[in-house]
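Visitor: For reference, the file protein_18.cif (mmCIF, C-alpha atoms and all ligand atoms) is included below:
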```
data_query
#
loop_
_atom_site.label_atom_id
_atom_site.label_comp_id
_atom_site.auth_asym_id
_atom_site.auth_seq_id
_atom_site.Cartn_x
_atom_site.Cartn_y
_atom_site.Cartn_z
CA MET A 772 115.14 220.42 153.12
CA THR A 773 117.30 220.41 156.19
CA PRO A 774 116.06 223.51 157.98
CA ALA A 775 119.02 224.40 160.19
CA THR A 776 122.32 223.68 158.53
CA ALA A 777 124.57 226.61 159.36
CA HIS A 778 124.63 229.42 161.80
CA MET A 779 126.41 232.72 162.34
CA PRO A 780 125.49 235.65 164.57
CA ILE A 781 123.51 238.36 162.81
CA ALA A 782 123.55 241.94 164.02
CA PRO A 783 120.40 242.55 166.11
CA ILE A 784 119.62 245.72 164.14
CA CYS A 785 119.11 243.59 161.05
CA ARG A 786 116.33 241.63 162.71
CA VAL A 787 114.67 244.77 163.99
CA VAL A 788 114.69 246.31 160.54
CA LEU A 789 113.32 243.14 158.99
CA PHE A 790 110.46 242.82 161.38
CA ALA A 791 109.71 246.48 161.24
CA PHE A 792 109.30 245.95 157.51
CA LEU A 793 107.18 242.86 157.97
CA VAL A 794 104.93 244.59 160.46
CA ALA A 795 104.60 247.52 158.08
CA VAL A 796 103.54 245.18 155.31
CA LEU A 797 101.04 243.43 157.52
CA SER A 798 99.63 246.44 159.27
CA PRO A 799 98.58 249.16 156.84
CA PRO A 800 95.13 250.48 157.81
CA ALA A 801 93.30 248.51 155.12
CA VAL A 802 94.80 245.23 156.33
CA ALA A 803 94.41 246.09 160.00
CA GLN A 804 90.70 246.68 159.52
CA GLU A 805 90.33 243.42 157.66
CA ARG A 806 92.16 241.00 159.89
CA LEU A 807 93.10 237.65 158.39
CA ILE A 808 92.59 235.85 161.67
CA PRO A 809 90.13 237.97 163.68
CA ASN A 810 90.26 235.92 166.87
CA LEU A 811 93.99 236.35 167.35
CA SER A 812 96.02 239.29 168.62
CA PRO A 813 98.16 241.09 166.02
CA LYS A 814 101.31 239.41 167.34
CA ALA A 815 99.71 235.97 167.33
CA GLU A 816 98.53 236.61 163.79
CA GLU A 817 102.05 237.62 162.81
CA ARG A 818 103.33 234.35 164.27
CA VAL A 819 100.79 232.36 162.28
CA LEU A 820 101.81 234.15 159.07
CA PHE A 821 105.49 233.52 159.85
CA VAL A 822 104.86 229.79 160.23
CA ALA A 823 102.64 229.78 157.14
CA GLY A 824 105.23 231.60 155.00
CA ASN A 825 108.02 229.25 156.00
CA THR A 826 105.79 226.22 155.53
CA LEU A 827 104.78 227.30 152.02
CA PHE A 828 108.42 227.97 151.12
CA SER A 829 109.28 224.44 152.30
CA LEU A 830 106.40 222.99 150.29
CA HIS A 831 107.52 224.76 147.11
CA HIS A 832 111.15 223.83 147.77
CA GLU A 833 110.22 220.13 148.01
CA THR A 834 107.95 220.50 144.98
CA ALA A 835 111.03 221.62 143.03
CA HIS A 836 112.84 218.43 144.06
CA ALA A 837 109.78 216.45 142.94
CA LEU A 838 109.65 218.19 139.55
CA ILE A 839 113.39 217.68 138.99
CA ASP A 840 113.02 213.96 139.75
CA GLN A 841 109.68 213.25 138.08
CA LEU A 842 110.39 215.26 134.93
CA ASP A 843 114.07 214.29 134.79
CA LEU A 844 115.16 217.92 134.66
CA PRO A 845 118.87 218.69 134.38
CA VAL A 846 120.41 220.62 137.26
CA LEU A 847 123.50 222.73 136.72
CA GLY A 848 124.99 223.64 140.06
CA ARG A 849 123.56 222.96 143.47
CA GLU A 850 120.05 221.48 143.40
CA GLU A 851 119.28 223.10 146.76
CA ASP A 852 119.86 226.54 145.22
CA ALA A 853 117.56 225.65 142.33
CA ALA A 854 114.87 224.48 144.76
CA ASP A 855 115.12 227.67 146.83
CA ALA A 856 114.85 229.74 143.66
CA TYR A 857 111.78 227.80 142.51
CA ALA A 858 110.14 228.39 145.89
CA THR A 859 110.86 232.10 145.71
CA LEU A 860 109.47 232.37 142.17
CA ALA A 861 106.38 230.38 143.16
CA MET A 862 105.70 232.74 146.06
CA LEU A 863 105.91 235.89 143.89
CA PRO A 864 102.46 236.01 142.29
CA GLU A 865 101.39 238.25 139.41
CA PRO A 866 99.94 240.65 140.36
CA PRO A 867 101.59 240.93 143.78
CA THR A 868 99.49 240.98 146.94
CA PRO A 869 100.34 242.22 150.47
CA LEU A 870 99.68 238.74 151.86
CA ALA A 871 101.98 237.04 149.33
CA ASP A 872 104.72 239.60 150.02
CA ALA A 873 104.38 239.11 153.77
CA LEU A 874 104.55 235.32 153.47
CA LEU A 875 107.66 235.41 151.29
CA LEU A 876 109.46 237.99 153.44
CA ALA A 877 108.64 235.87 156.48
CA ALA A 878 110.16 232.86 154.74
CA ALA A 879 113.31 234.86 153.95
CA ASP A 880 113.49 236.03 157.57
CA GLY A 881 113.33 232.39 158.62
CA TRP A 882 116.83 231.80 157.23
CA LEU A 883 118.18 234.68 159.32
CA PHE A 884 116.50 233.38 162.45
CA TYR A 885 117.98 229.92 161.84
CA ALA A 886 121.37 231.56 161.44
CA GLU A 887 121.05 233.08 164.91
CA THR A 888 120.21 229.87 166.75
CA ALA A 889 123.57 228.09 166.78
CA PRO A 890 127.24 228.70 165.95
CA ILE A 891 128.51 227.63 162.55
CA ASP A 892 130.52 224.39 162.39
CA GLN A 893 132.42 222.32 159.86
CA LEU A 894 129.36 220.25 158.95
CA ALA A 895 127.70 223.38 157.63
CA TYR A 896 130.32 223.60 154.87
CA ILE A 897 129.98 219.90 154.05
CA ASP A 898 126.18 219.96 153.88
CA ALA A 899 124.33 219.87 150.55
CA HIS A 900 122.55 223.10 151.48
CA PRO A 901 124.20 226.53 151.34
CA LEU A 902 124.67 228.40 154.60
CA ASP A 903 121.50 229.90 156.06
CA GLU A 904 122.86 233.42 155.52
CA GLN A 905 123.50 232.62 151.87
CA ARG A 906 119.99 231.25 151.48
CA PHE A 907 118.65 234.46 153.01
CA TYR A 908 120.66 236.89 150.88
CA ARG A 909 120.05 234.98 147.66
CA THR A 910 116.32 234.86 148.38
CA ALA A 911 116.37 238.56 149.26
CA CYS A 912 118.17 239.35 145.99
CA LEU A 913 115.57 237.43 144.01
CA ILE A 914 112.80 239.33 145.80
CA VAL A 915 114.49 242.65 145.02
CA GLY A 916 115.11 241.56 141.44
CA SER A 917 111.45 240.83 140.89
CA ASP A 918 110.60 244.51 141.48
CA ILE A 919 113.68 246.64 142.05
CA GLU A 920 111.71 249.84 142.55
CA GLY A 921 109.30 248.30 145.02
CA PHE A 922 111.92 246.40 146.99
CA PHE A 923 114.97 248.70 146.68
CA ASP A 924 114.65 249.97 150.26
CA TYR A 925 114.03 246.43 151.51
CA GLY A 926 117.29 245.38 149.86
CA LEU A 927 119.20 248.16 151.61
CA ASP A 928 117.49 247.44 154.94
CA VAL A 929 118.50 243.78 154.91
CA GLY A 930 122.12 244.61 154.08
CA LEU A 931 122.44 244.14 150.33
CA THR A 932 124.90 246.59 148.80
CA VAL A 933 123.77 248.92 146.03
CA GLU A 934 126.09 247.06 143.67
CA ARG A 935 124.43 243.75 144.55
CA ILE A 936 120.95 245.25 144.32
CA GLU A 937 121.71 246.38 140.79
CA GLU A 938 122.61 242.77 139.89
CA CYS A 939 119.41 241.33 141.35
CA PRO A 940 117.09 241.91 138.34
CA ALA A 941 119.47 239.87 136.15
CA LEU A 942 119.58 237.10 138.76
CA TRP A 943 115.80 237.05 138.93
CA GLN A 944 115.37 237.08 135.13
CA ASP A 945 117.98 234.36 134.57
CA THR A 946 116.46 232.22 137.30
CA ARG A 947 112.93 232.63 136.04
CA ARG A 948 113.92 232.01 132.42
CA GLY A 949 115.86 228.89 133.41
CA TRP A 950 112.94 227.34 135.27
CA GLU A 951 110.41 228.35 132.58
CA ARG A 952 112.56 226.90 129.79
CA LEU A 953 113.05 223.58 131.57
CA LEU A 954 109.38 223.25 132.50
CA ALA A 955 107.95 224.42 129.15
CA PRO A 956 108.02 220.95 127.47
CA HIS A 957 106.05 219.56 130.40
CA ARG A 958 103.32 222.20 130.46
CA ARG A 959 99.89 220.66 130.22
CA ALA A 960 98.30 221.36 126.84
CA GLY A 961 94.75 220.23 127.58
CA ASN A 962 92.43 220.51 130.52
CA PRO A 963 93.82 219.70 133.95
CA PRO A 964 92.90 216.32 135.44
CA ALA A 965 89.84 216.02 137.62
CA ALA A 966 91.91 214.75 140.54
CA SER A 967 94.93 216.69 141.69
CA LEU A 968 98.28 215.04 141.16
CA PHE A 969 99.46 216.76 144.33
CA PRO A 970 96.66 216.08 146.84
CA ALA A 971 97.54 217.18 150.36
CA THR A 972 96.58 215.08 153.37
CA TRP A 973 96.68 216.22 156.97
CA SER A 974 96.99 213.89 159.96
CA ASP A 975 95.73 215.18 163.31
CA PRO A 976 97.88 218.22 164.13
CA PRO A 977 99.27 218.82 167.61
CA ALA A 978 97.26 221.31 169.66
CA GLN A 979 100.11 223.82 169.68
CA LEU A 980 99.72 224.19 165.89
CA SER A 981 95.96 224.55 165.78
CA HIS A 982 96.03 228.20 164.67
CA GLU A 983 98.77 227.64 162.09
CA ILE A 984 97.26 224.50 160.58
CA GLY A 985 93.81 226.04 160.72
CA PHE A 986 95.01 229.05 158.73
CA LEU A 987 96.97 227.02 156.19
CA ARG A 988 93.88 224.91 155.51
CA SER A 989 91.11 227.50 155.69
CA SER A 990 93.03 230.07 153.61
CA GLY A 991 93.45 227.57 150.79
CA LEU A 992 97.15 228.46 150.54
CA VAL A 993 98.35 224.85 150.50
CA ALA A 994 95.47 223.61 148.34
CA ASN A 995 96.03 226.40 145.81
CA ALA A 996 99.77 225.74 145.68
CA THR A 997 99.36 222.02 145.03
CA ARG A 998 96.52 222.53 142.55
CA LYS A 999 98.52 225.10 140.61
CA THR A 1000 101.41 222.68 140.19
CA SER A 1001 99.12 219.83 139.30
CA ASP A 1002 97.22 221.87 136.72
CA ALA A 1003 100.37 223.21 135.10
CA TYR A 1004 102.45 220.11 134.35
CA THR A 1005 101.99 216.62 132.96
CA MET A 1006 103.48 214.36 135.59
CA PRO A 1007 104.27 210.67 135.09
CA GLN A 1008 102.66 209.75 138.42
CA PRO A 1009 100.88 211.41 141.35
CA VAL A 1010 102.96 212.97 144.09
CA MET A 1011 101.24 212.91 147.46
CA VAL A 1012 101.74 215.79 149.89
CA GLN A 1013 101.52 214.79 153.55
CA PHE A 1014 101.45 216.90 156.67
CA ARG A 1015 102.14 214.62 159.66
CA ASP A 1016 104.25 213.85 162.73
CA CYS A 1017 107.69 212.48 161.84
CA GLY A 1018 109.64 212.51 165.11
CA GLU A 1019 111.98 215.25 163.83
CA PRO A 1020 111.70 218.72 162.26
CA ALA A 1021 112.06 218.01 158.55
CA ALA A 1022 110.58 218.38 155.09
CA PHE A 1023 111.54 216.00 152.30
CA TYR A 1024 110.67 214.53 148.92
CA ASP A 1025 110.70 210.72 148.70
CA PRO A 1026 111.16 209.57 145.07
CA ASP A 1027 110.16 205.98 145.90
CA THR A 1028 106.63 206.73 147.12
CA PRO A 1029 106.61 209.38 145.49
CA SER A 1030 105.58 211.91 148.12
CA ILE A 1031 106.41 215.18 149.81
CA THR A 1032 106.30 215.19 153.60
CA LEU A 1033 106.12 218.25 155.81
CA CYS A 1034 106.58 217.30 159.43
CA TYR A 1035 104.54 219.01 162.12
CA GLU A 1036 107.75 219.18 164.13
CA LEU A 1037 109.17 221.51 161.46
CA LEU A 1038 106.14 223.79 161.66
CA ALA A 1039 106.51 223.83 165.45
CA GLU A 1040 110.18 224.72 165.00
CA PHE A 1041 109.18 227.69 162.82
CA GLY A 1042 106.94 228.85 165.66
CA ASN A 1043 109.75 228.48 168.18
CA LEU A 1044 112.08 230.44 165.88
CA PHE A 1045 109.57 233.27 165.79
CA ASP A 1046 109.24 233.23 169.60
CA GLN A 1047 113.01 233.37 170.05
CA ALA A 1048 113.49 236.17 167.55
CA VAL A 1049 110.48 238.33 168.30
CA GLY A 1050 109.56 237.30 171.83
CA VAL A 1051 106.66 235.38 173.30
CA GLU A 1052 103.46 237.34 173.85
ZN ZN A 1101 116.14 220.56 149.36
#
```
Produce structure tokens that represent the structure in this file.
Ligand SMILES: [Zn+2]

Guide:
Amino acid sequence: MTPATAHMPIAPICRVVLFAFLVAVLSPPAVAQERLIPNLSPKAEERVLFVAGNTLFSLHHETAHALIDQLDLPVLGREEDAADAYATLAMLPEPPTPLADALLLAAADGWLFYAETAPIDQLAYIDAHPLDEQRFYRTACLIVGSDIEGFFDYGLDVGLTVERIEECPALWQDTRRGWERLLAPHRRAGNPPAASLFPATWSDPPAQLSHEIGFLRSSGLVANATRKTSDAYTMPQPVMVQFRDCGEPAAFYDPDTPSITLCYELLAEFGNLFDQAVGVE
């Protein structure tokens, strides 16, 4: 995934509405009493969840590229759209949870924040990825489509029209059915292997990411995501997942290794995005 590929100013009110929603999700009394990260302030906790949500979306997005390559899945249309859709589906658990909702909405917000950081240029149209705004609105429509009653107001708040909202359930159903149909022949029939096919390794993280990495590891979010994929599908060979320094903010699937890499520089960029959009404490 190339994180920042296209940019266009977004009305400030949109961001305020989004974060008001995110804060509301994260801060009902039951959640406030049972803090996820007790040693951090609410704003610092929100920042950690923002980084975690965007990191998990990136992990699932790259997992989609790995599945397409390893299982030789056909792709009709833009593979980047398919990978974003897979990530969105993977982050919508049944039954839903407030934490899962918050992480996915934070990931969607990430596209808007990227869109605010630089003006759009010609390269954005040439790039393999859709524009950041398009990635946001398509992700938002999938979220709404997954539960139109629960997310109807969210759809309006983020700027989807009523007409578009009404189309979102069909988009979500078509997307889910497409991925399920393609993956069905590869579903594991017997017991899962003893060793994960997607083991995650972590090199020493930079100090600035200690809270974020600590949460991603201690919460089991990354381990659960990789185990779920590994348990579900018969893969021709293991795909390693690495969290490490790369020298640039990136996340990518390498078919030669094969491996998925999430660069610490990308996680740091997510944190900087949050600081720019919401303000430093
Ligand atoms: Zn991609």

Visitor: Which one of A:Ala861, A:Ala1039, A:Leu876, A:Val819 sits closest to Ala978 of chain A if you count only C-alpha atoms?

Guide: A:Ala1039

Visitor: Pick out the residues no farther than 8 Å from ligand ZN 1101 (chain A), counting only C-alpha atoms and all ligand atoms, and list them as a ChimeraX atom specification.

Guide: /A:772-773,832-833,836,850-851,854-855,900,1023

Visitor: Determine the nearest neighbour of His831 of chain A from the options A:Tyr1024, A:Phe1041, A:Tyr857, A:Phe923, counting all atoms listed in the file.

Guide: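 Distance minimum relative to His831 of chain A lands on A:Tyr857.
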
Visitor: So how far away is atom CA of Ile839 of chain A from atom CA of Leu913 of chain A, in Å?

Guide: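 Between these atoms lies a distance of 20.5 Å.
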
Visitor: Quick check, in Å to one decimal: how far apart do atom CA of Ser917 of chain A and atom CA of Trp943 of chain A lie?

Guide: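 Result for atom CA of Ser917 of chain A versus atom CA of Trp943 of chain A: 6.1 Å, one decimal.
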
Visitor: Please determine, counting only C-alpha atoms, which residue among A:Pro1007, A:Pro866, A:Pro976, A:Gly985 has the shortest atom-to-atom distance to Tyr1035 of chain A.

Guide: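 Among A:Pro1007, A:Pro866, A:Pro976, A:Gly985, it is A:Pro976 that comes nearest to Tyr1035 of chain A.
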